[in-house]
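Dumped entry.cif below, it's mmCIF, C-alpha atoms:
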```
data_structure
loop_
_atom_site.group_PDB
_atom_site.id
_atom_site.type_symbol
_atom_site.label_atom_id
_atom_site.label_comp_id
_atom_site.auth_asym_id
_atom_site.auth_seq_id
_atom_site.Cartn_x
_atom_site.Cartn_y
_atom_site.Cartn_z
ATOM 1 C CA MET C 1318 -17.059 -9.237 -13.083
ATOM 2 C CA CYS C 1319 -14.896 -9.359 -16.217
ATOM 3 C CA ALA C 1320 -12.593 -12.368 -16.601
ATOM 4 C CA VAL C 1321 -9.843 -10.107 -17.950
ATOM 5 C CA PHE C 1322 -9.307 -6.383 -18.364
ATOM 6 C CA SER C 1323 -10.631 -5.879 -21.879
ATOM 7 C CA HIS C 1324 -10.308 -2.114 -22.453
ATOM 8 C CA GLU C 1325 -8.363 -0.958 -25.508
ATOM 9 C CA TYR C 1326 -5.265 1.213 -25.463
ATOM 10 C CA LYS C 1327 -6.562 3.693 -28.043
ATOM 11 C CA SER C 1328 -9.673 4.417 -25.943
ATOM 12 C CA ILE C 1329 -7.548 5.124 -22.859
ATOM 13 C CA ILE C 1330 -4.934 7.527 -24.270
ATOM 14 C CA THR C 1331 -7.311 10.046 -25.870
ATOM 15 C CA ILE C 1332 -6.650 13.763 -25.369
ATOM 16 C CA GLU C 1333 -9.992 14.021 -23.562
ATOM 17 C CA ASN C 1334 -8.956 11.321 -21.114
ATOM 18 C CA LEU C 1335 -5.525 12.877 -20.612
ATOM 19 C CA LEU C 1336 -7.161 16.228 -19.785
ATOM 20 C CA ALA C 1337 -9.586 14.522 -17.380
ATOM 21 C CA THR C 1338 -6.615 12.789 -15.749
ATOM 22 C CA TRP C 1339 -4.795 16.124 -15.509
ATOM 23 C CA GLU C 1340 -7.743 17.683 -13.648
ATOM 24 C CA LYS C 1341 -7.634 14.884 -11.078
ATOM 25 C CA PHE C 1342 -3.868 15.013 -10.834
ATOM 26 C CA ILE C 1343 -3.589 18.744 -10.045
ATOM 27 C CA SER C 1344 -5.998 18.589 -7.103
ATOM 28 C CA GLY C 1345 -4.024 20.030 -4.193
ATOM 29 C CA LYS C 1346 -0.905 20.555 -6.329
ATOM 30 C CA ARG C 1347 -1.611 23.832 -8.150
ATOM 31 C CA HIS C 1348 0.965 25.729 -6.079
ATOM 32 C CA LYS C 1349 3.817 23.328 -6.931
ATOM 33 C CA ARG C 1350 6.492 24.838 -9.193
ATOM 34 C CA ASP C 1351 6.742 21.890 -11.581
ATOM 35 C CA VAL C 1352 2.952 21.737 -11.917
ATOM 36 C CA ILE C 1353 2.756 25.492 -12.591
ATOM 37 C CA ALA C 1354 5.470 25.180 -15.264
ATOM 38 C CA PHE C 1355 3.636 22.307 -16.984
ATOM 39 C CA GLU C 1356 0.302 24.146 -16.867
ATOM 40 C CA MET C 1357 1.752 27.295 -18.439
ATOM 41 C CA ASP C 1358 1.953 25.399 -21.742
ATOM 42 C CA LEU C 1359 -0.698 22.796 -20.990
ATOM 43 C CA ALA C 1360 -2.116 22.325 -24.491
ATOM 44 C CA THR C 1361 1.304 21.771 -26.058
ATOM 45 C CA ASN C 1362 2.397 19.425 -23.287
ATOM 46 C CA ILE C 1363 -0.774 17.313 -23.396
ATOM 47 C CA ILE C 1364 -0.669 17.037 -27.194
ATOM 48 C CA ALA C 1365 3.014 16.037 -27.075
ATOM 49 C CA LEU C 1366 2.226 13.385 -24.463
ATOM 50 C CA TYR C 1367 -0.710 12.117 -26.529
ATOM 51 C CA ASN C 1368 1.451 11.806 -29.637
ATOM 52 C CA ALA C 1369 4.172 9.971 -27.707
ATOM 53 C CA LEU C 1370 1.600 7.525 -26.347
ATOM 54 C CA LYS C 1371 -0.153 7.137 -29.687
ATOM 55 C CA ASN C 1372 3.086 6.463 -31.569
ATOM 56 C CA LYS C 1373 4.501 4.415 -28.663
ATOM 57 C CA THR C 1374 7.589 6.603 -28.523
ATOM 58 C CA TYR C 1375 6.900 7.427 -24.873
ATOM 59 C CA THR C 1376 9.770 6.761 -22.495
ATOM 60 C CA HIS C 1377 9.738 7.459 -18.780
ATOM 61 C CA ASP C 1378 12.099 10.177 -17.541
ATOM 62 C CA SER C 1379 14.435 9.812 -14.560
ATOM 63 C CA TYR C 1380 13.369 10.448 -10.968
ATOM 64 C CA THR C 1381 14.294 13.018 -8.345
ATOM 65 C CA ALA C 1382 15.257 11.248 -5.120
ATOM 66 C CA PHE C 1383 14.896 12.583 -1.591
ATOM 67 C CA ASN C 1384 14.671 11.171 1.927
ATOM 68 C CA ILE C 1385 11.908 11.422 4.516
ATOM 69 C CA SER C 1386 11.451 10.082 8.051
ATOM 70 C CA ASP C 1387 7.982 8.626 8.558
ATOM 71 C CA PRO C 1388 9.022 7.684 11.251
ATOM 72 C CA LYS C 1389 11.807 5.495 9.837
ATOM 73 C CA PRO C 1390 14.008 6.819 6.992
ATOM 74 C CA ARG C 1391 12.595 6.225 3.519
ATOM 75 C CA ASN C 1392 14.004 7.025 0.088
ATOM 76 C CA ILE C 1393 11.307 8.590 -2.094
ATOM 77 C CA HIS C 1394 11.564 8.906 -5.873
ATOM 78 C CA LYS C 1395 9.535 11.646 -7.535
ATOM 79 C CA ALA C 1396 8.701 11.476 -11.236
ATOM 80 C CA THR C 1397 8.206 14.425 -13.577
ATOM 81 C CA VAL C 1398 4.740 15.946 -13.974
ATOM 82 C CA ARG C 1399 4.438 14.390 -17.435
ATOM 83 C CA ASP C 1400 5.164 10.929 -16.077
ATOM 84 C CA ARG C 1401 2.910 11.361 -13.067
ATOM 85 C CA ILE C 1402 0.029 12.117 -15.425
ATOM 86 C CA VAL C 1403 0.734 8.742 -17.049
ATOM 87 C CA HIS C 1404 0.806 7.109 -13.607
ATOM 88 C CA HIS C 1405 -2.589 8.611 -12.775
ATOM 89 C CA LEU C 1406 -3.949 7.571 -16.165
ATOM 90 C CA ILE C 1407 -2.895 3.954 -15.649
ATOM 91 C CA TYR C 1408 -4.178 3.899 -12.075
ATOM 92 C CA LYS C 1409 -7.528 5.435 -13.022
ATOM 93 C CA GLU C 1410 -8.101 2.925 -15.790
ATOM 94 C CA ILE C 1411 -7.099 -0.342 -14.125
ATOM 95 C CA CYS C 1412 -7.599 0.111 -10.368
ATOM 96 C CA TRP C 1413 -11.312 -0.788 -10.384
ATOM 97 C CA TYR C 1414 -10.603 -4.077 -12.158
ATOM 98 C CA PHE C 1415 -8.011 -5.221 -9.606
ATOM 99 C CA HIS C 1416 -9.733 -3.800 -6.536
ATOM 100 C CA ASN C 1417 -12.728 -6.003 -7.362
ATOM 101 C CA ARG C 1418 -10.435 -9.034 -7.255
ATOM 102 C CA PHE C 1419 -8.543 -8.374 -4.060
ATOM 103 C CA ILE C 1420 -9.545 -10.428 -1.033
ATOM 104 C CA TYR C 1421 -11.720 -8.740 1.581
ATOM 105 C CA ASP C 1422 -8.893 -8.563 4.117
ATOM 106 C CA SER C 1423 -6.347 -6.859 1.862
ATOM 107 C CA TYR C 1424 -5.891 -3.253 2.993
ATOM 108 C CA SER C 1425 -3.687 -0.218 2.145
ATOM 109 C CA CYS C 1426 -4.246 2.169 -0.789
ATOM 110 C CA ILE C 1427 -7.699 0.726 -1.481
ATOM 111 C CA LYS C 1428 -10.812 2.891 -1.242
ATOM 112 C CA TYR C 1429 -12.508 2.506 2.160
ATOM 113 C CA LYS C 1430 -9.786 0.000 3.171
ATOM 114 C CA GLY C 1431 -7.361 2.122 5.161
ATOM 115 C CA THR C 1432 -5.542 1.669 8.453
ATOM 116 C CA HIS C 1433 -8.564 2.113 10.686
ATOM 117 C CA ARG C 1434 -10.571 -0.533 8.850
ATOM 118 C CA ALA C 1435 -7.652 -2.954 9.218
ATOM 119 C CA LEU C 1436 -7.341 -2.152 12.940
ATOM 120 C CA ASP C 1437 -11.043 -2.779 13.498
ATOM 121 C CA ARG C 1438 -10.836 -6.024 11.547
ATOM 122 C CA PHE C 1439 -7.932 -7.171 13.733
ATOM 123 C CA LYS C 1440 -9.975 -6.460 16.867
ATOM 124 C CA TYR C 1441 -12.933 -8.387 15.423
ATOM 125 C CA PHE C 1442 -10.774 -11.402 14.489
ATOM 126 C CA ALA C 1443 -9.070 -11.406 17.889
ATOM 127 C CA GLY C 1444 -12.455 -11.425 19.588
ATOM 128 C CA LYS C 1445 -13.608 -14.359 17.449
ATOM 129 C CA VAL C 1446 -10.470 -16.460 17.989
ATOM 130 C CA SER C 1447 -10.306 -15.741 21.729
ATOM 131 C CA ARG C 1448 -14.068 -16.292 22.035
ATOM 132 C CA ASN C 1449 -14.590 -12.889 23.588
ATOM 133 C CA HIS C 1450 -11.290 -13.025 25.479
ATOM 134 C CA THR C 1451 -12.017 -16.292 27.269
ATOM 135 C CA ARG C 1452 -9.303 -18.299 25.455
ATOM 136 C CA THR C 1453 -5.723 -17.713 24.445
ATOM 137 C CA CYS C 1454 -5.366 -16.127 21.007
ATOM 138 C CA PHE C 1455 -1.967 -16.435 19.303
ATOM 139 C CA VAL C 1456 -0.920 -14.002 16.587
ATOM 140 C CA LEU C 1457 1.706 -14.653 13.935
ATOM 141 C CA LYS C 1458 3.021 -11.249 12.821
ATOM 142 C CA CYS C 1459 5.177 -10.989 9.660
ATOM 143 C CA ASP C 1460 6.832 -8.198 7.706
ATOM 144 C CA VAL C 1461 8.322 -8.486 4.207
ATOM 145 C CA ARG C 1462 11.938 -7.369 4.108
ATOM 146 C CA LYS C 1463 12.645 -4.311 1.882
ATOM 147 C CA PHE C 1464 9.280 -4.740 0.221
ATOM 148 C CA PHE C 1465 9.226 -2.153 -2.585
ATOM 149 C CA ALA C 1466 12.943 -2.581 -3.272
ATOM 150 C CA SER C 1467 12.540 -6.370 -3.671
ATOM 151 C CA ILE C 1468 9.674 -6.570 -6.191
ATOM 152 C CA ASP C 1469 10.747 -8.697 -9.167
ATOM 153 C CA GLN C 1470 9.611 -6.744 -12.242
ATOM 154 C CA SER C 1471 9.499 -9.781 -14.555
ATOM 155 C CA VAL C 1472 7.273 -11.669 -12.089
ATOM 156 C CA LEU C 1473 4.999 -8.614 -11.814
ATOM 157 C CA ILE C 1474 4.746 -8.213 -15.592
ATOM 158 C CA ASN C 1475 3.853 -11.899 -15.982
ATOM 159 C CA ILE C 1476 1.098 -11.501 -13.379
ATOM 160 C CA LEU C 1477 -0.286 -8.524 -15.313
ATOM 161 C CA LYS C 1478 -0.242 -10.512 -18.563
ATOM 162 C CA ARG C 1479 -2.726 -12.961 -17.065
ATOM 163 C CA HIS C 1480 -5.200 -10.134 -16.531
ATOM 164 C CA ILE C 1481 -4.694 -7.617 -19.350
ATOM 165 C CA GLN C 1482 -5.297 -8.576 -22.983
ATOM 166 C CA ASP C 1483 -4.239 -5.417 -24.807
ATOM 167 C CA VAL C 1484 -0.504 -5.623 -25.557
ATOM 168 C CA ASP C 1485 -0.236 -1.840 -25.869
ATOM 169 C CA ILE C 1486 -1.661 -1.280 -22.376
ATOM 170 C CA LEU C 1487 0.818 -3.840 -21.100
ATOM 171 C CA TRP C 1488 3.584 -1.991 -22.950
ATOM 172 C CA LEU C 1489 2.657 1.306 -21.256
ATOM 173 C CA ILE C 1490 2.534 -0.220 -17.780
ATOM 174 C CA GLU C 1491 5.850 -1.907 -18.449
ATOM 175 C CA GLN C 1492 7.428 1.462 -19.328
ATOM 176 C CA VAL C 1493 6.542 2.656 -15.833
ATOM 177 C CA ILE C 1494 7.670 -0.561 -14.141
ATOM 178 C CA ILE C 1495 11.093 -0.677 -15.800
ATOM 179 C CA SER C 1496 11.712 3.054 -15.305
ATOM 180 C CA PHE C 1497 13.201 2.302 -11.897
ATOM 181 C CA TYR C 1498 15.308 -0.271 -10.162
ATOM 182 C CA SER C 1499 16.819 -0.357 -6.679
ATOM 183 C CA LYS C 1500 20.247 -1.995 -6.531
ATOM 184 C CA GLN C 1501 19.787 -4.518 -9.331
ATOM 185 C CA LYS C 1502 18.224 -3.966 -12.755
ATOM 186 C CA GLY C 1503 14.782 -5.521 -12.970
ATOM 187 C CA ILE C 1504 14.217 -5.402 -9.226
ATOM 188 C CA GLY C 1505 12.224 -2.834 -7.247
ATOM 189 C CA LEU C 1506 9.439 -0.274 -7.516
ATOM 190 C CA PRO C 1507 9.797 3.365 -6.439
ATOM 191 C CA LEU C 1508 8.207 4.646 -3.252
ATOM 192 C CA GLY C 1509 6.284 7.706 -4.385
ATOM 193 C CA ASN C 1510 4.646 6.453 -7.584
ATOM 194 C CA LEU C 1511 0.862 6.194 -7.456
ATOM 195 C CA THR C 1512 1.135 3.123 -9.670
ATOM 196 C CA SER C 1513 3.530 1.443 -7.211
ATOM 197 C CA GLN C 1514 0.833 1.403 -4.536
ATOM 198 C CA LEU C 1515 -1.490 -0.540 -6.833
ATOM 199 C CA LEU C 1516 1.196 -2.753 -8.367
ATOM 200 C CA VAL C 1517 2.498 -4.032 -5.016
ATOM 201 C CA ASN C 1518 -1.052 -5.012 -4.063
ATOM 202 C CA ILE C 1519 -1.429 -6.851 -7.383
ATOM 203 C CA TYR C 1520 1.892 -8.574 -6.642
ATOM 204 C CA MET C 1521 0.896 -9.593 -3.110
ATOM 205 C CA HIS C 1522 -2.563 -10.689 -4.257
ATOM 206 C CA GLU C 1523 -0.786 -13.837 -5.435
ATOM 207 C CA PHE C 1524 0.229 -14.447 -1.823
ATOM 208 C CA ASP C 1525 -3.266 -13.552 -0.551
ATOM 209 C CA MET C 1526 -4.810 -16.163 -2.846
ATOM 210 C CA TYR C 1527 -2.296 -18.763 -1.679
ATOM 211 C CA MET C 1528 -3.172 -18.018 1.936
ATOM 212 C CA LYS C 1529 -6.930 -18.148 1.363
ATOM 213 C CA GLN C 1530 -7.342 -20.784 -1.363
ATOM 214 C CA GLU C 1531 -4.421 -23.142 -0.776
ATOM 215 C CA LEU C 1532 -3.842 -22.893 2.966
ATOM 216 C CA ARG C 1533 -7.474 -22.005 3.774
ATOM 217 C CA ILE C 1534 -6.486 -19.513 6.467
ATOM 218 C CA LYS C 1535 -9.551 -17.870 7.944
ATOM 219 C CA TYR C 1536 -8.129 -15.176 10.186
ATOM 220 C CA TYR C 1537 -5.603 -13.416 7.945
ATOM 221 C CA ILE C 1538 -5.113 -9.668 7.410
ATOM 222 C CA ARG C 1539 -2.579 -8.003 5.121
ATOM 223 C CA TYR C 1540 -1.752 -4.310 5.022
ATOM 224 C CA ALA C 1541 0.890 -3.739 2.296
ATOM 225 C CA ASP C 1542 3.914 -5.737 3.495
ATOM 226 C CA ASP C 1543 2.615 -6.356 7.037
ATOM 227 C CA PHE C 1544 0.378 -9.317 7.706
ATOM 228 C CA VAL C 1545 -1.025 -11.200 10.680
ATOM 229 C CA ILE C 1546 -2.610 -14.613 11.171
ATOM 230 C CA LEU C 1547 -4.632 -15.363 14.291
ATOM 231 C CA SER C 1548 -5.245 -18.803 15.777
ATOM 232 C CA GLU C 1549 -5.856 -20.518 19.119
ATOM 233 C CA ASN C 1550 -3.191 -23.078 18.100
ATOM 234 C CA LYS C 1551 0.421 -21.901 18.388
ATOM 235 C CA GLU C 1552 1.839 -25.024 16.721
ATOM 236 C CA TYR C 1553 -0.410 -24.459 13.701
ATOM 237 C CA LEU C 1554 1.090 -20.967 13.263
ATOM 238 C CA GLU C 1555 4.640 -22.290 13.654
ATOM 239 C CA ASN C 1556 4.012 -24.846 10.900
ATOM 240 C CA LEU C 1557 2.600 -22.157 8.616
ATOM 241 C CA LEU C 1558 5.830 -20.184 8.696
ATOM 242 C CA THR C 1559 7.722 -22.770 6.615
ATOM 243 C CA LYS C 1560 5.020 -22.717 3.930
ATOM 244 C CA ILE C 1561 4.922 -18.909 3.947
ATOM 245 C CA HIS C 1562 8.714 -18.677 3.537
ATOM 246 C CA LYS C 1563 8.651 -21.191 0.691
ATOM 247 C CA PHE C 1564 5.921 -19.405 -1.269
ATOM 248 C CA LEU C 1565 7.334 -15.907 -0.827
ATOM 249 C CA ASN C 1566 10.872 -17.000 -1.757
ATOM 250 C CA GLY C 1567 9.925 -19.364 -4.579
ATOM 251 C CA LYS C 1568 7.053 -17.549 -6.291
ATOM 252 C CA LEU C 1569 7.540 -13.864 -5.505
ATOM 253 C CA HIS C 1570 11.273 -13.715 -4.689
ATOM 254 C CA LEU C 1571 10.544 -11.983 -1.389
ATOM 255 C CA SER C 1572 11.814 -12.714 2.106
ATOM 256 C CA LEU C 1573 10.521 -12.010 5.593
ATOM 257 C CA HIS C 1574 12.266 -9.571 7.899
ATOM 258 C CA GLU C 1575 13.994 -11.815 10.425
ATOM 259 C CA ASN C 1576 13.618 -9.345 13.298
ATOM 260 C CA LYS C 1577 9.936 -8.646 12.614
ATOM 261 C CA VAL C 1578 8.517 -12.162 12.598
ATOM 262 C CA TYR C 1579 7.100 -13.446 15.862
ATOM 263 C CA ILE C 1580 4.242 -15.299 17.528
ATOM 264 C CA LYS C 1581 2.731 -13.610 20.576
ATOM 265 C CA THR C 1582 -0.431 -13.906 22.609
ATOM 266 C CA TYR C 1583 -3.040 -11.216 22.148
ATOM 267 C CA ALA C 1584 -3.050 -10.672 25.914
ATOM 268 C CA SER C 1585 0.679 -9.794 25.933
ATOM 269 C CA GLY C 1586 0.220 -7.066 23.309
ATOM 270 C CA VAL C 1587 0.589 -7.331 19.526
ATOM 271 C CA ASP C 1588 2.277 -4.548 17.539
ATOM 272 C CA PHE C 1589 0.373 -4.035 14.285
ATOM 273 C CA LEU C 1590 0.014 -0.895 12.136
ATOM 274 C CA GLY C 1591 1.426 1.539 14.652
ATOM 275 C CA TRP C 1592 -0.616 0.333 17.608
ATOM 276 C CA THR C 1593 -0.046 -2.257 20.318
ATOM 277 C CA HIS C 1594 -3.232 -4.298 20.648
ATOM 278 C CA PHE C 1595 -4.584 -5.811 23.860
ATOM 279 C CA PRO C 1596 -7.920 -7.553 24.552
ATOM 280 C CA HIS C 1597 -9.590 -4.466 26.011
ATOM 281 C CA HIS C 1598 -7.634 -1.561 24.576
ATOM 282 C CA ARG C 1599 -4.979 -0.474 22.086
ATOM 283 C CA GLN C 1600 -2.166 1.978 22.668
ATOM 284 C CA LEU C 1601 0.190 3.848 20.373
ATOM 285 C CA ARG C 1602 3.560 2.406 19.498
ATOM 286 C CA THR C 1603 6.345 4.243 21.367
ATOM 287 C CA THR C 1604 7.969 5.570 18.175
ATOM 288 C CA THR C 1605 4.605 6.994 17.038
ATOM 289 C CA LYS C 1606 4.132 8.727 20.412
ATOM 290 C CA ARG C 1607 7.565 10.340 20.131
ATOM 291 C CA LYS C 1608 6.825 11.552 16.610
ATOM 292 C CA ILE C 1609 3.533 13.144 17.691
ATOM 293 C CA ILE C 1610 5.133 14.852 20.704
ATOM 294 C CA LYS C 1611 7.923 16.216 18.474
ATOM 295 C CA ASN C 1612 5.547 17.452 15.756
ATOM 296 C CA MET C 1613 3.222 19.115 18.259
ATOM 297 C CA GLN C 1614 5.937 21.406 19.572
ATOM 298 C CA TRP C 1615 6.358 25.037 18.518
ATOM 299 C CA TYR C 1616 2.903 26.009 17.299
ATOM 300 C CA PRO C 1617 1.857 23.174 14.951
ATOM 301 C CA LYS C 1618 -0.394 23.808 11.957
ATOM 302 C CA SER C 1619 -4.140 23.362 12.394
ATOM 303 C CA GLN C 1620 -4.061 20.508 9.849
ATOM 304 C CA THR C 1621 -1.498 18.690 12.008
ATOM 305 C CA ILE C 1622 -3.703 19.040 15.097
ATOM 306 C CA ILE C 1623 -6.789 17.794 13.235
ATOM 307 C CA SER C 1624 -4.839 14.852 11.804
ATOM 308 C CA TYR C 1625 -3.544 13.783 15.218
ATOM 309 C CA ARG C 1626 -6.973 14.220 16.801
ATOM 310 C CA GLY C 1627 -8.323 11.753 14.249
ATOM 311 C CA LEU C 1628 -5.468 9.300 14.766
ATOM 312 C CA LEU C 1629 -5.607 9.402 18.550
ATOM 313 C CA SER C 1630 -9.378 8.919 18.620
ATOM 314 C CA HIS C 1631 -8.868 5.289 17.566
ATOM 315 C CA GLY C 1632 -7.204 4.111 20.761
ATOM 316 C CA ASN C 1633 -6.661 4.654 24.451
ATOM 317 C CA THR C 1634 -4.691 7.880 24.200
ATOM 318 C CA TYR C 1635 -6.007 10.169 26.965
ATOM 319 C CA LYS C 1636 -2.542 10.690 28.491
ATOM 320 C CA ILE C 1637 -0.780 11.672 25.277
ATOM 321 C CA MET C 1638 -3.665 13.927 24.177
ATOM 322 C CA LYS C 1639 -3.390 15.695 27.507
ATOM 323 C CA GLN C 1640 0.409 15.841 27.216
ATOM 324 C CA VAL C 1641 0.399 17.544 23.809
ATOM 325 C CA GLY C 1642 -2.572 19.723 24.708
ATOM 326 C CA ILE C 1643 -5.074 18.851 21.995
ATOM 327 C CA GLY C 1644 -7.882 17.693 24.250
ATOM 328 C CA TYR C 1645 -9.630 14.361 24.661
ATOM 329 C CA LEU C 1646 -12.228 13.191 22.160
ATOM 330 C CA PRO C 1647 -14.858 11.030 23.921
#
```
Can you dump the structure from the file as structure tokens?
Amino acid sequence: MCAVFSHEYKSIITIENLLATWEKFISGKRHKRDVIAFEMDLATNIIALYNALKNKTYTHDSYTAFNISDPKPRNIHKATVRDRIVHHLIYKEICWYFHNRFIYDSYSCIKYKGTHRALDRFKYFAGKVSRNHTRTCFVLKCDVRKFFASIDQSVLINILKRHIQDVDILWLIEQVIISFYSKQKGIGLPLGNLTSQLLVNIYMHEFDMYMKQELRIKYYIRYADDFVILSENKEYLENLLTKIHKFLNGKLHLSLHENKVYIKTYASGVDFLGWTHFPHHRQLRTTTKRKIIKNMQWYPKSQTIISYRGLLSHGNTYKIMKQVGIGYLP
């Protein structure tokens, strides 16, 4: 494992690498109008991007903003095709280095570390702490308030400087980071950027290391801005909260969502990653059920049915599968 990311900028921005990045980028996007327009003059566009990167005259364009409900309202910012190629280039080149450094129980936007792996890990931890459901297991559940919109760009850039030697690579990543801010300049990352998914994990890795190395917490799981700590000692979890607040506020300039921080027993049901977890089963969160019922009305697409079959197979969902008419998977 390399101590620092030692690749050189000039070896990353080659035309060959840009074309390879383009081929990965267009997967599943060939029918998009902006992608079609870029591809119509692909050679010229790639050469122009290469020259801008080579001469360090590259500047990130503005974003197109739109809202989605998934299930809560989110403001998504979409970059131009040219800039998204740069995002994919950066991600492709540095993700392996950081993924090798993340703690085992960091999930979200990491290969083979999706929601279902995190759910299974929670079940395993709960079984260990409760000693196969024979003792009370307490769960501290926390959620970072306005996570993407609160990322301090200067703190993030300083974290990256500890890992990446090449000043030109740092310059390129910084162009992407500073291309957006939420309500205050220098604060926030856009929902929608591929790079944002990696950068927030790099940012929160600082917190992960504090939890594991400084506080020595054994049963800790983080999925993006949601995290849980399991213990048989409620007072221990209550005392941790002060330390967690202090680190997040002082080091990362983040705060916890007041209404989404609680300590509950596993037996009473713990809401984590869209499911409510109990010792012998898990059931869908009410808002998720409503979304599925709504989306399954009026002849849903086959992809939607397949997606929900997969989701519902991970919990006790016989009733809702019967209700929406997609059958029970044993």
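The coordinates place atom CA of C:Arg1539 at 6.4 Å from atom CA of C:Asp1422.
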Resolved residues for the PyMOL selection byres ((chain C and resi 1359-1363) around 12) as a PyMOL selection string: chain C and resi 1330-1340+1352-1358+1364-1371+1398-1400+1402-1403
For C:Arg1448, the nearest of the candidates C:Pro1507, C:Phe1342, C:Arg1626, C:Pro1596, counting all atoms listed in the file: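 Among the listed residues, the smallest separation from C:Arg1448 belongs to C:Pro1596.
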From C:Val1587, C:Leu1506, C:Ala1541, C:Leu1457, residue lying nearest C:Lys1395 [only C-alpha atoms]: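 Nearest candidate to C:Lys1395 out of C:Val1587, C:Leu1506, C:Ala1541, C:Leu1457: C:Leu1506.
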Residue nearest C:Phe1589 among C:Lys1611, C:Lys1428, C:His1480, C:His1433 (counting only C-alpha atoms):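 Distance minimum relative to C:Phe1589 lands on C:His1433.
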Residues returned when the PyMOL selection byres ((chain C and resi 1410) around 10) runs on this file, as a PyMOL selection string: chain C and resi 1322+1324+1329+1334+1338+1405-1409+1411-1414
Answer key for the PyMOL selection byres ((chain C and resi 1562-1573) around 7), residues as a PyMOL selection string: chain C and resi 1459-1462+1467+1469+1472+1558-1561+1574-1575
Expected axis-aligned box over every listed atom of stretch 1488-1500 of chain C, 4 Å added per side, centre plus edges in Å to one decimal, as lines of an AutoDock Vina configuration file:
```
center_x = 11.4
center_y = 0.5
center_z = -14.7
size_x = 25.7
size_y = 13.0
size_z = 24.4
```
List the spatial neighbours of C:Tyr1424 as a compact mmCIF listing (two decimals) with C-alpha atoms, in the frame of the given file - criterion: any atom at most 12 Å away, all atoms listed in the file, same-chain residues fewer than 2 positions off excluded.
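Contents of out-v4.txt, freshly written:
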```
# COMPACT_ATOMS: atom_id res chain seq x y z
CA HIS C 1416 -9.73 -3.80 -6.54
CA PHE C 1419 -8.54 -8.37 -4.06
CA ILE C 1420 -9.54 -10.43 -1.03
CA TYR C 1421 -11.72 -8.74 1.58
CA ASP C 1422 -8.89 -8.56 4.12
CA CYS C 1426 -4.25 2.17 -0.79
CA ILE C 1427 -7.70 0.73 -1.48
CA LYS C 1428 -10.81 2.89 -1.24
CA TYR C 1429 -12.51 2.51 2.16
CA LYS C 1430 -9.79 0.00 3.17
CA GLY C 1431 -7.36 2.12 5.16
CA THR C 1432 -5.54 1.67 8.45
CA HIS C 1433 -8.56 2.11 10.69
CA ARG C 1434 -10.57 -0.53 8.85
CA ALA C 1435 -7.65 -2.95 9.22
CA LEU C 1436 -7.34 -2.15 12.94
CA ASP C 1437 -11.04 -2.78 13.50
CA ARG C 1438 -10.84 -6.02 11.55
CA PHE C 1439 -7.93 -7.17 13.73
CA GLN C 1514 0.83 1.40 -4.54
CA LEU C 1515 -1.49 -0.54 -6.83
CA VAL C 1517 2.50 -4.03 -5.02
CA ASN C 1518 -1.05 -5.01 -4.06
CA ILE C 1519 -1.43 -6.85 -7.38
CA MET C 1521 0.90 -9.59 -3.11
CA HIS C 1522 -2.56 -10.69 -4.26
CA ASP C 1525 -3.27 -13.55 -0.55
CA TYR C 1537 -5.60 -13.42 7.94
CA ILE C 1538 -5.11 -9.67 7.41
CA ARG C 1539 -2.58 -8.00 5.12
CA TYR C 1540 -1.75 -4.31 5.02
CA ALA C 1541 0.89 -3.74 2.30
CA ASP C 1542 3.91 -5.74 3.50
CA ASP C 1543 2.62 -6.36 7.04
CA PHE C 1544 0.38 -9.32 7.71
CA LEU C 1590 0.01 -0.90 12.14
```
What would stretch 1513-1519 of chain C look like with N, CA, C and O atoms restored, written as a compact mmCIF listing (two decimals), in the coordinates of the input?
```txt
# COMPACT_ATOMS: atom_id res chain seq x y z
N SER C 1513 2.85 2.42 -8.08
CA SER C 1513 3.53 1.44 -7.21
C SER C 1513 2.59 0.92 -6.14
O SER C 1513 2.63 -0.26 -5.78
N GLN C 1514 1.76 1.80 -5.60
CA GLN C 1514 0.83 1.40 -4.54
C GLN C 1514 -0.14 0.33 -5.03
O GLN C 1514 -0.46 -0.61 -4.29
N LEU C 1515 -0.59 0.46 -6.26
CA LEU C 1515 -1.49 -0.54 -6.83
C LEU C 1515 -0.72 -1.80 -7.23
O LEU C 1515 -1.17 -2.93 -6.97
N LEU C 1516 0.44 -1.62 -7.85
CA LEU C 1516 1.20 -2.75 -8.37
C LEU C 1516 1.67 -3.69 -7.26
O LEU C 1516 1.68 -4.91 -7.44
N VAL C 1517 2.06 -3.15 -6.10
CA VAL C 1517 2.50 -4.03 -5.02
C VAL C 1517 1.33 -4.84 -4.47
O VAL C 1517 1.50 -5.98 -4.04
N ASN C 1518 0.13 -4.26 -4.49
CA ASN C 1518 -1.05 -5.01 -4.06
C ASN C 1518 -1.40 -6.11 -5.06
O ASN C 1518 -1.84 -7.20 -4.67
N ILE C 1519 -1.22 -5.83 -6.36
CA ILE C 1519 -1.43 -6.85 -7.38
C ILE C 1519 -0.42 -7.99 -7.18
O ILE C 1519 -0.75 -9.17 -7.28
```
